[in-house]
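Shown below: structure18.csv, with CSV, C-alpha atoms.
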```csv
chain,number,residue,atom,x,y,z
A,1,MET,CA,-2.3,-0.6,22.6
A,2,VAL,CA,-1.8,3.1,23.2
A,3,ASP,CA,-4.3,5.5,21.6
A,4,SER,CA,-1.5,7.2,19.6
A,5,LEU,CA,-0.9,4.1,17.5
A,6,LYS,CA,-3.3,3.9,14.6
A,7,ARG,CA,-3.5,0.6,12.8
A,8,PHE,CA,-4.7,0.2,9.2
A,9,LEU,CA,-5.3,-3.1,7.3
A,10,ILE,CA,-4.1,-2.4,3.8
A,11,VAL,CA,-5.2,-4.5,0.7
A,12,SER,CA,-4.8,-3.5,-2.9
A,13,ASP,CA,-5.3,-4.7,-6.5
A,14,ILE,CA,-7.4,-7.9,-5.8
A,15,HIS,CA,-8.3,-8.4,-9.4
A,16,ALA,CA,-10.9,-11.0,-8.5
A,17,ILE,CA,-12.5,-12.7,-11.5
A,18,SER,CA,-15.6,-14.8,-12.0
A,19,GLU,CA,-15.3,-18.5,-13.0
A,20,GLU,CA,-18.6,-18.2,-14.9
A,21,LEU,CA,-17.6,-15.1,-16.8
A,22,SER,CA,-14.2,-16.6,-17.7
A,23,LYS,CA,-16.0,-19.4,-19.6
A,24,LEU,CA,-17.8,-16.9,-21.9
A,25,PRO,CA,-16.4,-15.7,-25.3
A,26,GLN,CA,-14.3,-12.6,-25.0
A,27,GLU,CA,-17.0,-10.2,-26.2
A,28,HIS,CA,-19.1,-11.2,-23.1
A,29,GLY,CA,-16.4,-12.3,-20.6
A,30,TYR,CA,-12.8,-11.4,-20.2
A,31,HIS,CA,-10.4,-9.9,-22.8
A,32,GLY,CA,-7.0,-11.6,-22.9
A,33,GLU,CA,-5.6,-13.6,-20.0
A,34,ASP,CA,-7.2,-13.7,-16.5
A,35,GLY,CA,-6.0,-11.1,-14.1
A,36,SER,CA,-5.6,-13.5,-11.2
A,37,SER,CA,-6.2,-17.0,-10.0
A,38,PHE,CA,-8.8,-15.8,-7.5
A,39,ARG,CA,-12.3,-16.9,-8.5
A,40,VAL,CA,-14.9,-15.0,-6.5
A,41,GLU,CA,-17.1,-18.1,-6.4
A,42,ASN,CA,-14.6,-19.8,-4.2
A,43,ARG,CA,-15.9,-19.3,-0.7
A,44,THR,CA,-13.4,-21.1,1.6
A,45,PRO,CA,-10.4,-19.3,3.2
A,46,SER,CA,-8.0,-21.7,1.6
A,47,SER,CA,-9.2,-20.7,-1.9
A,48,ASN,CA,-10.3,-17.1,-1.2
A,49,PRO,CA,-7.4,-14.7,-0.2
A,50,VAL,CA,-9.8,-12.0,1.0
A,51,LEU,CA,-11.7,-14.3,3.4
A,52,ALA,CA,-8.4,-15.8,4.5
A,53,ILE,CA,-7.3,-12.5,6.0
A,54,SER,CA,-9.6,-12.8,9.0
A,55,GLU,CA,-8.3,-16.4,9.6
A,56,CYS,CA,-4.7,-15.1,9.5
A,57,LEU,CA,-5.3,-12.2,11.9
A,58,LYS,CA,-7.8,-14.0,14.2
A,59,ASN,CA,-5.3,-14.1,17.1
A,60,ASP,CA,-4.3,-10.4,16.8
A,61,ASP,CA,-5.9,-8.9,19.9
A,62,GLU,CA,-5.0,-5.3,19.2
A,63,PRO,CA,-7.6,-3.1,17.6
A,64,ILE,CA,-7.5,-2.2,13.9
A,65,ASP,CA,-8.9,1.3,13.1
A,66,ALA,CA,-9.8,0.8,9.4
A,67,LEU,CA,-9.6,-1.7,6.6
A,68,ILE,CA,-8.5,0.2,3.4
A,69,CYS,CA,-8.7,-1.2,-0.1
A,70,LEU,CA,-6.7,0.8,-2.7
A,71,GLY,CA,-8.7,-0.2,-5.7
A,72,ASP,CA,-9.0,-2.8,-8.5
A,73,PHE,CA,-11.4,-5.0,-6.6
A,74,ALA,CA,-12.4,-6.8,-9.8
A,75,HIS,CA,-10.7,-7.5,-13.0
A,76,GLN,CA,-11.8,-5.6,-16.1
A,77,ALA,CA,-14.6,-3.7,-14.4
A,78,LYS,CA,-17.0,-6.6,-13.8
A,79,LYS,CA,-19.6,-5.0,-11.6
A,80,LEU,CA,-21.1,-8.1,-9.9
A,81,VAL,CA,-17.6,-9.3,-9.0
A,82,MET,CA,-16.7,-6.0,-7.4
A,83,LEU,CA,-20.0,-6.0,-5.4
A,84,GLN,CA,-19.1,-9.4,-4.0
A,85,VAL,CA,-15.5,-8.5,-3.1
A,86,TRP,CA,-16.7,-5.3,-1.4
A,87,ARG,CA,-19.2,-7.3,0.6
A,88,ASP,CA,-16.4,-9.8,1.5
A,89,LEU,CA,-14.1,-7.1,2.8
A,90,HIS,CA,-16.9,-5.9,5.1
A,91,ASP,CA,-17.3,-9.5,6.4
A,92,VAL,CA,-13.5,-9.5,7.1
A,93,ALA,CA,-13.9,-6.2,9.0
A,94,ASP,CA,-16.8,-7.6,11.0
A,95,ALA,CA,-14.9,-10.7,11.9
A,96,LEU,CA,-11.9,-8.7,13.1
A,97,GLY,CA,-13.9,-6.0,14.8
A,98,ILE,CA,-12.7,-3.2,12.4
A,99,PRO,CA,-15.1,-0.3,12.6
A,100,LYS,CA,-14.4,1.4,9.2
A,101,VAL,CA,-14.0,0.1,5.7
A,102,ILE,CA,-12.6,2.5,3.2
A,103,GLY,CA,-12.2,1.9,-0.6
A,104,ILE,CA,-11.0,3.9,-3.5
A,105,THR,CA,-11.5,3.4,-7.2
A,106,GLY,CA,-9.0,1.5,-9.3
A,107,ASN,CA,-8.8,1.6,-13.1
A,108,HIS,CA,-10.2,-1.9,-13.3
A,109,ASP,CA,-13.3,-0.9,-11.2
A,110,ILE,CA,-14.7,1.4,-13.9
A,111,ALA,CA,-15.1,1.5,-17.7
A,112,THR,CA,-12.0,3.6,-18.4
A,113,ARG,CA,-12.5,4.2,-22.1
A,114,VAL,CA,-15.8,6.1,-22.0
A,115,GLU,CA,-16.9,7.8,-25.1
A,116,ASP,CA,-18.8,10.7,-23.7
A,117,MET,CA,-19.7,12.6,-20.5
A,118,GLN,CA,-23.0,10.7,-20.1
A,119,SER,CA,-21.1,7.4,-19.9
A,120,ALA,CA,-18.7,8.9,-17.3
A,121,ALA,CA,-21.7,10.0,-15.2
A,122,GLY,CA,-23.1,6.5,-15.4
A,123,ARG,CA,-20.0,4.9,-14.0
A,124,VAL,CA,-20.0,7.3,-11.0
A,125,GLU,CA,-23.7,6.6,-10.4
A,126,PHE,CA,-22.9,2.9,-10.1
A,127,LEU,CA,-20.3,3.6,-7.4
A,128,LYS,CA,-22.8,5.8,-5.5
A,129,GLN,CA,-25.4,3.0,-5.5
A,130,ILE,CA,-23.1,0.3,-4.1
A,131,ARG,CA,-24.1,-1.2,-0.8
A,132,PRO,CA,-22.5,-1.2,1.8
A,133,SER,CA,-21.9,2.4,0.8
A,134,PHE,CA,-18.8,3.1,-1.3
A,135,PRO,CA,-16.2,4.4,-0.6
A,136,SER,CA,-17.3,4.5,3.0
A,137,ASP,CA,-20.3,4.6,5.3
A,138,ASP,CA,-19.3,8.2,6.3
A,139,ASP,CA,-21.6,10.5,4.3
A,140,ALA,CA,-19.2,13.5,4.3
A,141,PHE,CA,-16.2,11.4,3.2
A,142,SER,CA,-18.2,9.7,0.4
A,143,GLY,CA,-19.8,13.0,-0.6
A,144,GLY,CA,-16.5,14.8,-1.1
A,145,TYR,CA,-15.0,11.8,-2.9
A,146,HIS,CA,-17.8,11.5,-5.4
A,147,GLN,CA,-18.2,15.2,-5.9
A,148,ASN,CA,-14.7,16.4,-6.3
A,149,GLY,CA,-12.4,13.3,-6.0
A,150,VAL,CA,-11.2,14.0,-2.5
A,151,GLY,CA,-12.7,12.6,0.7
A,152,ALA,CA,-11.4,13.1,4.3
A,153,LEU,CA,-12.1,11.3,7.5
A,154,GLU,CA,-10.6,11.9,11.0
A,155,LEU,CA,-9.6,8.8,13.0
A,156,GLY,CA,-8.1,10.1,16.2
A,157,GLU,CA,-5.0,12.0,15.5
A,158,CYS,CA,-4.8,10.7,11.9
A,159,LEU,CA,-6.7,12.2,9.0
A,160,VAL,CA,-7.4,9.7,6.2
A,161,VAL,CA,-7.5,11.5,2.8
A,162,ALA,CA,-8.7,9.5,-0.2
A,163,ALA,CA,-7.8,10.9,-3.7
A,164,ASP,CA,-9.7,9.4,-6.7
A,165,THR,CA,-6.9,9.2,-9.3
A,166,CYS,CA,-9.4,7.6,-11.7
A,167,THR,CA,-11.8,10.5,-11.8
A,168,LEU,CA,-10.7,11.7,-15.2
A,169,HIS,CA,-10.2,8.3,-16.9
A,170,GLY,CA,-11.3,8.7,-20.5
A,171,LEU,CA,-11.9,12.4,-20.2
A,172,GLY,CA,-9.8,15.5,-21.1
A,173,LYS,CA,-8.9,18.0,-18.4
A,174,ASP,CA,-11.7,20.4,-19.6
A,175,GLY,CA,-14.4,17.7,-19.6
A,176,THR,CA,-14.1,16.9,-23.3
A,177,THR,CA,-13.5,13.4,-24.5
A,178,SER,CA,-9.8,12.4,-24.8
A,179,SER,CA,-7.8,9.2,-25.1
A,180,SER,CA,-4.7,10.9,-23.7
A,181,ILE,CA,-5.2,10.0,-20.0
A,182,TRP,CA,-7.4,6.9,-20.0
A,183,SER,CA,-4.5,4.6,-19.0
A,184,VAL,CA,-2.9,6.7,-16.3
A,185,GLY,CA,-4.0,8.2,-13.0
A,186,TYR,CA,-4.6,11.9,-12.7
A,187,LEU,CA,-4.6,14.6,-10.0
A,188,THR,CA,-5.9,18.0,-11.0
A,189,HIS,CA,-4.5,21.1,-9.4
A,190,GLY,CA,-7.9,21.5,-7.7
A,191,MET,CA,-7.7,18.1,-6.2
A,192,ILE,CA,-4.2,18.7,-4.9
A,193,ASP,CA,-5.5,22.0,-3.3
A,194,ARG,CA,-8.4,20.2,-1.7
A,195,ILE,CA,-6.1,17.5,-0.3
A,196,LEU,CA,-3.9,20.1,1.3
A,197,GLU,CA,-6.9,22.2,2.5
A,198,SER,CA,-8.3,19.1,4.2
A,199,ILE,CA,-5.1,18.4,6.0
A,200,GLU,CA,-4.5,22.0,7.1
A,201,GLU,CA,-8.2,22.5,8.2
A,202,SER,CA,-8.2,19.3,10.3
A,203,ALA,CA,-7.1,19.3,14.0
A,204,CYS,CA,-5.3,16.0,13.3
A,205,SER,CA,-1.5,16.1,13.6
A,206,HIS,CA,-1.0,13.4,11.0
A,207,ALA,CA,-2.4,12.5,7.5
A,208,LEU,CA,-2.6,9.2,5.7
A,209,ILE,CA,-3.1,9.9,2.0
A,210,ILE,CA,-4.4,7.0,0.0
A,211,MET,CA,-4.8,6.7,-3.8
A,212,HIS,CA,-4.8,4.0,-6.5
A,213,HIS,CA,-2.2,5.2,-8.9
A,214,HIS,CA,1.5,5.8,-8.0
A,215,PRO,CA,2.7,9.4,-7.7
A,216,LEU,CA,6.3,8.3,-8.3
A,217,LYS,CA,7.9,5.6,-10.3
A,218,VAL,CA,8.1,2.6,-8.0
A,219,ASP,CA,11.3,1.1,-9.2
A,220,GLY,CA,13.7,2.7,-11.7
A,221,VAL,CA,14.9,-0.7,-13.2
A,222,VAL,CA,11.9,-3.0,-13.0
A,223,ASP,CA,9.1,-0.5,-13.5
A,224,THR,CA,9.6,0.2,-17.2
A,225,ASP,CA,6.0,1.5,-17.8
A,226,TYR,CA,6.1,5.3,-17.2
A,227,ASP,CA,2.4,5.7,-16.2
A,228,GLU,CA,2.8,7.4,-12.8
A,229,VAL,CA,0.5,10.2,-12.0
A,230,PRO,CA,1.6,13.3,-13.9
A,231,ASN,CA,1.1,15.7,-11.0
A,232,GLY,CA,2.3,13.1,-8.4
A,233,PRO,CA,5.6,14.8,-7.6
A,234,LEU,CA,3.8,18.1,-7.1
A,235,LEU,CA,1.5,16.6,-4.6
A,236,LEU,CA,4.3,15.0,-2.7
A,237,GLU,CA,6.4,18.2,-2.6
A,238,ARG,CA,3.4,20.1,-1.3
A,239,LEU,CA,2.8,17.5,1.4
A,240,THR,CA,6.3,17.9,2.7
A,241,LYS,CA,5.6,21.6,3.2
A,242,SER,CA,2.4,20.9,5.1
A,243,SER,CA,2.3,21.7,8.8
A,244,LYS,CA,1.2,18.1,9.4
A,245,THR,CA,3.1,14.8,9.2
A,246,CYS,CA,2.1,12.8,6.1
A,247,PHE,CA,2.3,9.2,4.9
A,248,VAL,CA,1.2,8.2,1.4
A,249,VAL,CA,0.0,4.7,0.3
A,250,HIS,CA,-0.9,3.6,-3.2
A,251,GLY,CA,-1.6,0.5,-5.3
A,252,HIS,CA,-1.8,-0.1,-9.0
A,253,LYS,CA,1.7,-1.4,-9.9
A,254,HIS,CA,1.6,-4.8,-8.1
A,255,LEU,CA,5.2,-3.9,-6.9
A,256,VAL,CA,5.9,-3.7,-3.2
A,257,LYS,CA,8.2,-1.0,-1.8
A,258,LEU,CA,8.5,1.1,1.4
A,259,ARG,CA,10.2,4.3,0.5
A,260,ARG,CA,11.5,6.5,3.3
A,261,PRO,CA,11.6,10.3,2.9
A,262,ASP,CA,14.4,11.6,0.8
A,263,ALA,CA,17.5,12.9,2.5
A,264,ASP,CA,16.5,16.4,1.4
A,265,ALA,CA,12.9,15.9,2.5
A,266,LYS,CA,11.5,16.4,-1.0
A,267,TYR,CA,9.0,13.6,-0.6
A,268,PRO,CA,7.2,12.1,2.4
A,269,ALA,CA,7.2,8.4,3.3
A,270,LEU,CA,5.5,6.3,0.6
A,271,LEU,CA,4.3,2.7,0.5
A,272,SER,CA,3.6,0.9,-2.7
A,273,ALA,CA,1.2,-1.8,-1.4
A,274,ALA,CA,1.7,-4.7,-3.9
A,275,SER,CA,-1.3,-6.8,-5.0
A,276,LEU,CA,-3.5,-9.1,-3.0
A,277,ALA,CA,-4.0,-11.7,-5.7
A,278,ALA,CA,-3.2,-10.4,-9.2
A,279,TYR,CA,-0.7,-11.9,-11.6
A,280,PRO,CA,2.4,-9.8,-12.3
A,281,TYR,CA,2.8,-7.5,-15.1
A,282,LEU,CA,4.9,-8.7,-18.0
A,283,GLY,CA,8.6,-8.9,-17.0
A,284,GLN,CA,7.9,-8.3,-13.3
A,285,GLY,CA,7.4,-11.9,-12.2
A,286,SER,CA,10.4,-11.9,-9.8
A,287,HIS,CA,9.7,-8.5,-8.4
A,288,TYR,CA,6.0,-8.4,-7.6
A,289,SER,CA,4.3,-9.7,-4.4
A,290,ASN,CA,0.9,-11.0,-3.4
A,291,GLN,CA,0.7,-9.4,0.0
A,292,PHE,CA,-1.5,-7.6,2.5
A,293,HIS,CA,-0.2,-5.3,5.2
A,294,LEU,CA,-0.9,-3.9,8.6
A,295,LEU,CA,0.3,-0.3,8.8
A,296,GLU,CA,1.0,0.8,12.4
A,297,TYR,CA,1.3,4.5,12.5
A,298,ASP,CA,2.6,6.3,15.6
A,299,THR,CA,0.9,9.6,15.8
A,300,SER,CA,2.6,10.6,19.1
A,301,ILE,CA,5.7,11.6,17.0
A,302,THR,CA,5.0,14.8,15.0
A,303,GLU,CA,8.4,15.6,13.5
A,304,ARG,CA,8.2,12.6,11.1
A,305,ALA,CA,6.1,9.7,10.0
A,306,GLN,CA,7.1,6.7,12.2
A,307,GLY,CA,5.8,3.2,12.6
A,308,THR,CA,5.8,-0.3,11.3
A,309,VAL,CA,4.5,-2.1,8.2
A,310,LEU,CA,3.7,-5.8,8.9
A,311,SER,CA,3.4,-7.9,5.7
A,312,TRP,CA,2.0,-11.3,4.8
A,313,ASP,CA,2.6,-13.4,1.6
A,314,TRP,CA,0.0,-15.6,0.0
A,315,SER,CA,1.3,-19.2,0.1
A,316,ALA,CA,-1.0,-21.4,-2.0
A,317,ALA,CA,-3.8,-21.7,0.6
A,318,ARG,CA,-3.0,-19.3,3.4
A,319,TRP,CA,-1.3,-16.1,4.5
A,320,GLU,CA,2.1,-16.5,6.0
A,321,PRO,CA,4.5,-13.8,7.5
A,322,SER,CA,6.6,-12.5,4.6
A,323,LYS,CA,10.2,-13.5,4.1
A,324,LYS,CA,10.7,-11.4,1.0
A,325,GLN,CA,13.7,-9.1,1.0
A,326,SER,CA,11.7,-6.4,-0.8
A,327,MET,CA,9.1,-6.3,2.0
A,328,PRO,CA,9.8,-8.6,5.0
A,329,HIS,CA,7.3,-9.3,7.7
A,330,VAL,CA,8.5,-6.4,9.8
A,331,SER,CA,9.6,-3.1,8.2
A,332,LYS,CA,10.2,-0.1,10.3
A,333,PHE,CA,10.0,3.5,9.0
A,334,GLY,CA,10.9,6.7,10.8
A,335,PRO,CA,14.5,8.0,11.2
A,336,VAL,CA,16.6,7.9,8.1
A,337,PRO,CA,19.7,5.9,9.2
A,338,ASP,CA,23.2,7.2,8.6
A,339,LEU,CA,25.2,4.2,7.4
A,340,ASP,CA,28.6,5.8,8.2
A,341,LYS,CA,27.6,6.5,11.8
A,342,ILE,CA,26.1,3.0,12.2
A,343,GLU,CA,29.3,1.4,10.8
A,344,GLN,CA,31.5,3.3,13.2
A,345,ALA,CA,29.1,2.6,16.2
A,346,LEU,CA,29.4,-1.2,15.4
A,347,LYS,CA,33.2,-1.0,15.3
A,348,ASP,CA,33.1,0.9,18.6
A,349,LEU,CA,31.0,-1.8,20.4
A,350,GLY,CA,34.1,-4.0,20.7
A,351,ILE,CA,32.2,-7.2,20.0
A,352,VAL,CA,34.5,-10.2,20.8
A,353,ALA,CA,32.1,-13.0,19.9
A,354,SER,CA,28.4,-12.0,19.5
A,355,VAL,CA,25.6,-9.9,20.9
A,356,ASN,CA,21.9,-10.7,20.7
A,357,ARG,CA,19.2,-8.6,19.1
A,358,ALA,CA,18.1,-6.8,22.3
A,359,LYS,CA,21.6,-5.7,23.3
A,360,LEU,CA,22.4,-4.6,19.7
A,361,LEU,CA,19.3,-2.5,19.4
A,362,GLU,CA,19.8,-1.0,22.8
A,363,ALA,CA,23.3,0.1,21.8
A,364,ILE,CA,22.4,1.2,18.2
A,365,PRO,CA,18.6,1.7,17.9
A,366,GLU,CA,19.0,3.0,14.3
A,367,ILE,CA,19.7,-0.5,13.1
A,368,GLU,CA,16.0,-1.4,13.5
A,369,TYR,CA,15.3,1.1,10.6
A,370,LEU,CA,17.7,-0.4,8.1
A,371,THR,CA,16.4,-2.2,5.1
A,372,LEU,CA,17.8,-5.6,4.3
A,373,ASP,CA,19.6,-4.1,1.3
A,374,GLU,CA,21.3,-1.5,3.6
A,375,ILE,CA,22.3,-4.3,6.0
A,376,GLU,CA,24.0,-6.1,3.1
A,377,VAL,CA,25.9,-2.9,2.3
A,378,LEU,CA,27.0,-2.5,5.9
A,379,ASN,CA,28.1,-6.1,6.1
A,380,GLU,CA,30.2,-5.7,2.9
A,381,ARG,CA,31.8,-2.6,4.5
A,382,LEU,CA,32.5,-4.6,7.7
A,383,ASP,CA,33.9,-7.7,5.9
A,384,SER,CA,37.5,-6.9,6.6
A,385,THR,CA,36.9,-6.6,10.4
A,386,GLY,CA,35.0,-9.9,10.7
A,387,LEU,CA,31.9,-8.1,12.1
A,388,GLU,CA,28.5,-9.0,10.7
A,389,ILE,CA,24.9,-8.1,11.4
A,390,VAL,CA,23.1,-11.4,11.5
A,391,ILE,CA,19.7,-11.8,9.7
A,392,ARG,CA,17.3,-14.7,10.4
A,393,GLN,CA,13.9,-14.9,8.8
A,394,SER,CA,14.3,-11.4,7.3
A,395,LYS,CA,14.9,-9.9,10.7
A,396,VAL,CA,18.0,-8.6,12.6
A,397,SER,CA,18.8,-11.2,15.2
A,398,GLY,CA,22.1,-9.8,16.5
A,399,ALA,CA,25.7,-9.2,15.5
A,400,MET,CA,28.8,-11.4,15.6
A,401,VAL,CA,32.5,-11.6,14.8
A,402,GLN,CA,33.2,-14.4,12.3
A,403,GLU,CA,35.3,-17.2,13.7
A,404,GLY,CA,39.1,-16.5,13.2
A,405,GLU,CA,38.6,-12.7,12.9
A,406,THR,CA,39.5,-10.1,15.6
```

Show me the file's structure as structure tokens.
Amino acid sequence: MVDSLKRFLIVSDIHAISEELSKLPQEHGYHGEDGSSFRVENRTPSSNPVLAISECLKNDDEPIDALICLGDFAHQAKKLVMLQVWRDLHDVADALGIPKVIGITGNHDIATRVEDMQSAAGRVEFLKQIRPSFPSDDDAFSGGYHQNGVGALELGECLVVAADTCTLHGLGKDGTTSSSIWSVGYLTHGMIDRILESIEESACSHALIIMHHHPLKVDGVVDTDYDEVPNGPLLLERLTKSSKTCFVVHGHKHLVKLRRPDADAKYPALLSAASLAAYPYLGQGSHYSNQFHLLEYDTSITERAQGTVLSWDWSAARWEPSKKQSMPHVSKFGPVPDLDKIEQALKDLGIVASVNRAKLLEAIPEIEYLTLDEIEVLNERLDSTGLEIVIRQSKVSGAMVQEGET
């Protein structure tokens, strides 16, 4: 593995619950339905999706630089459950030889409807006392995160920047109590300034920005709850103007999506990381995913964020390579493909019968960066010619001319 390829194990929105607490009346246990089927008391890989990660990746011989959890460790801010999950994530890191574990706060990890500043201070003090240290064992990173909502840590050529979008939950912008922002994430202008300052002051050529809440609406049709971070677009626009290459990862919505930069470069590459174990939000059952990811980020390329997202689905008792069209096992990001040019290049290949994957990608490398939806569009365009890009197990396997077509 070349040093320029940084690898991050990404988990988000675990929403673990306690079997014991679920048996209590609502005033002492959980309000409403359980957040997931994951009982933290279950201690075998077949029943514990966190512990199952190390079993899934045990034959992966390449080093992983950090395990990152994007918040919502426990459902409904149950402290003891969060402590156990945080410990379990460290056990996974130890089993896989991962040197760094980084967490960020989710809205389910704290009491979001605090009544006064003293209560807010108390919830922060709890996070400071967690062991192993939260959000990281790096004192400077944790100090910045707890003090002003932004922590930064250099890992080779990649700077990891954590933004605490829950820092103002239950509070007004000026420190007064308010109910206006308890349910959404927030980035103050000061936090955005500190994020950009951290990136520009670092010698790293790339930055991975992690947060719990989503800076943009994940899906215009499915995601009907408009609770994205109010200043999210501002942050993304400023990141595109940075002198460094940036990639943003978030959780919260339980929806999975890899968004390439806009054609006009208004926003950087963005990954909505799904949920490790949570149930879907109402109405999103066919669109959410229980997944974890390996983000492979190539820091040798400075003109754009480029790399691969590897994704696994939870299948009853184990993790399996994803076959979902929304986020298949292998998703490439980097160049933004031009469908018109790829269509013409396919026609110019002069395929008589078929070509395998290797020859196809050698001739038209951009095909590797197409989404499955884009491949469907291309195949519809090519229908009259008989040409077809062939997909097997959510992966391009070659191209062919349908029998009887020329």

Taking into account only C-alpha atoms, which residue in the set A:Ile98, A:Val309, A:Leu21, A:Ala203 is nearest to Phe333 in chain A? A:Val309

Using all atoms listed in the file, the residue out of A:Ala269, A:Val85, A:Val229, A:Ile110 with shortest distance to Thr165 in chain A is A:Val229

Pick out the residues sitting within 8 Å of Ile209 in chain A, and hand them over as a PyMOL selection string; count all atoms listed in the file, and ignore anything fewer than 4 positions along from it in its own chain. chain A and resi 160-163+246-249

Who sits within 12 Å of Arg392 in chain A, only C-alpha atoms, same chain under 4 positions skipped, as a PyMOL selection string: chain A and resi 323-325+328-329+356-357+372+396-399

Please determine the residues with any atom at most 12 Å from (-2.5, -11.6, 12.2) (coordinates as given in the file, with only C-alpha atoms counting) and report them as a list of chain:residue names. A:Leu9, A:Ala52, A:Ile53, A:Ser54, A:Glu55, A:Cys56, A:Leu57, A:Lys58, A:Asn59, A:Asp60, A:Asp61, A:Glu62, A:Pro63, A:Ile64, A:Leu96, A:Phe292, A:His293, A:Leu294, A:Leu310, A:Ser311, A:Trp312, A:Asp313, A:Arg318, A:Trp319, A:Glu320, A:Pro321, A:Ser322, A:His329

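CA of Gly185 in chain A is positioned 17.2 Å from CA of Tyr281 in chain A.
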
Contact residues around Leu258 in chain A with all atoms listed in the file at 8 Å, ignoring same-chain residues under 3 positions, as a short mmCIF file (atom, residue, chain, number, x, y, z; two decimals) with C-alpha atoms, keeping the file's coordinate frame:
```cif
data_model
loop_
_atom_site.label_atom_id
_atom_site.label_comp_id
_atom_site.auth_asym_id
_atom_site.auth_seq_id
_atom_site.Cartn_x
_atom_site.Cartn_y
_atom_site.Cartn_z
CA ALA A 269 7.20 8.40 3.30
CA LEU A 270 5.50 6.30 0.60
CA LEU A 271 4.30 2.70 0.50
CA SER A 272 3.60 0.90 -2.70
CA MET A 327 9.10 -6.30 2.00
#
```

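You can rank A:Arg123, A:Arg131, A:His213, A:Arg259 by their closest distance to Tyr186 in chain A using only C-alpha atoms, and at the top of that list sits A:His213.
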
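One distance worth recording is that between CA of Gly32 in chain A and CA of Asp109 in chain A, which is 17.1 Å.
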
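One distance worth recording is that between CA of Val390 in chain A and CA of Ser289 in chain A, which is 24.7 Å.
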
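Of the residues under consideration (A:Lys244, A:Lys78, A:Lys359, A:Arg39), A:Lys244 shows the shortest atom-to-atom contact distance to Thr299 in chain A when counting only C-alpha atoms.
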
Shell around Leu360 in chain A at 12 Å using all atoms listed in the file, local window under 2 positions removed, as a PyMOL selection string: chain A and resi 342+345-346+349-351+354-358+362-368+388-390+396-400

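Comparing the minimum interatomic distances between Thr105 in chain A and each of A:Gln393, A:Ser22, A:Thr167, A:Ser205, counting only C-alpha atoms, we find that A:Thr167 sits nearest.
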
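Here the question is which of A:Ala140, A:Ile104, A:Leu239, A:Val11 gets nearest to Leu89 in chain A using only C-alpha atoms, and that residue is A:Val11.
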
Do you know which residues lie at most 8 Å from (-12.1, -16.4, -15.4), with coordinates as in the file and only C-alpha atoms counted, and could you write them as a CSV table (one decimal) with C-alpha atoms, in the frame of the given file?
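Saved to result-v6.csv:
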```csv
chain,number,residue,atom,x,y,z
A,17,ILE,CA,-12.5,-12.7,-11.5
A,18,SER,CA,-15.6,-14.8,-12.0
A,19,GLU,CA,-15.3,-18.5,-13.0
A,20,GLU,CA,-18.6,-18.2,-14.9
A,21,LEU,CA,-17.6,-15.1,-16.8
A,22,SER,CA,-14.2,-16.6,-17.7
A,23,LYS,CA,-16.0,-19.4,-19.6
A,29,GLY,CA,-16.4,-12.3,-20.6
A,30,TYR,CA,-12.8,-11.4,-20.2
A,34,ASP,CA,-7.2,-13.7,-16.5
A,39,ARG,CA,-12.3,-16.9,-8.5
```

Skipping near chain neighbours, those fewer than 4 positions away, what residues fall within 6 Å of His254 in chain A using all atoms listed in the file, listed as JSON, numbers by chain? {"A": [274, 275, 288]}
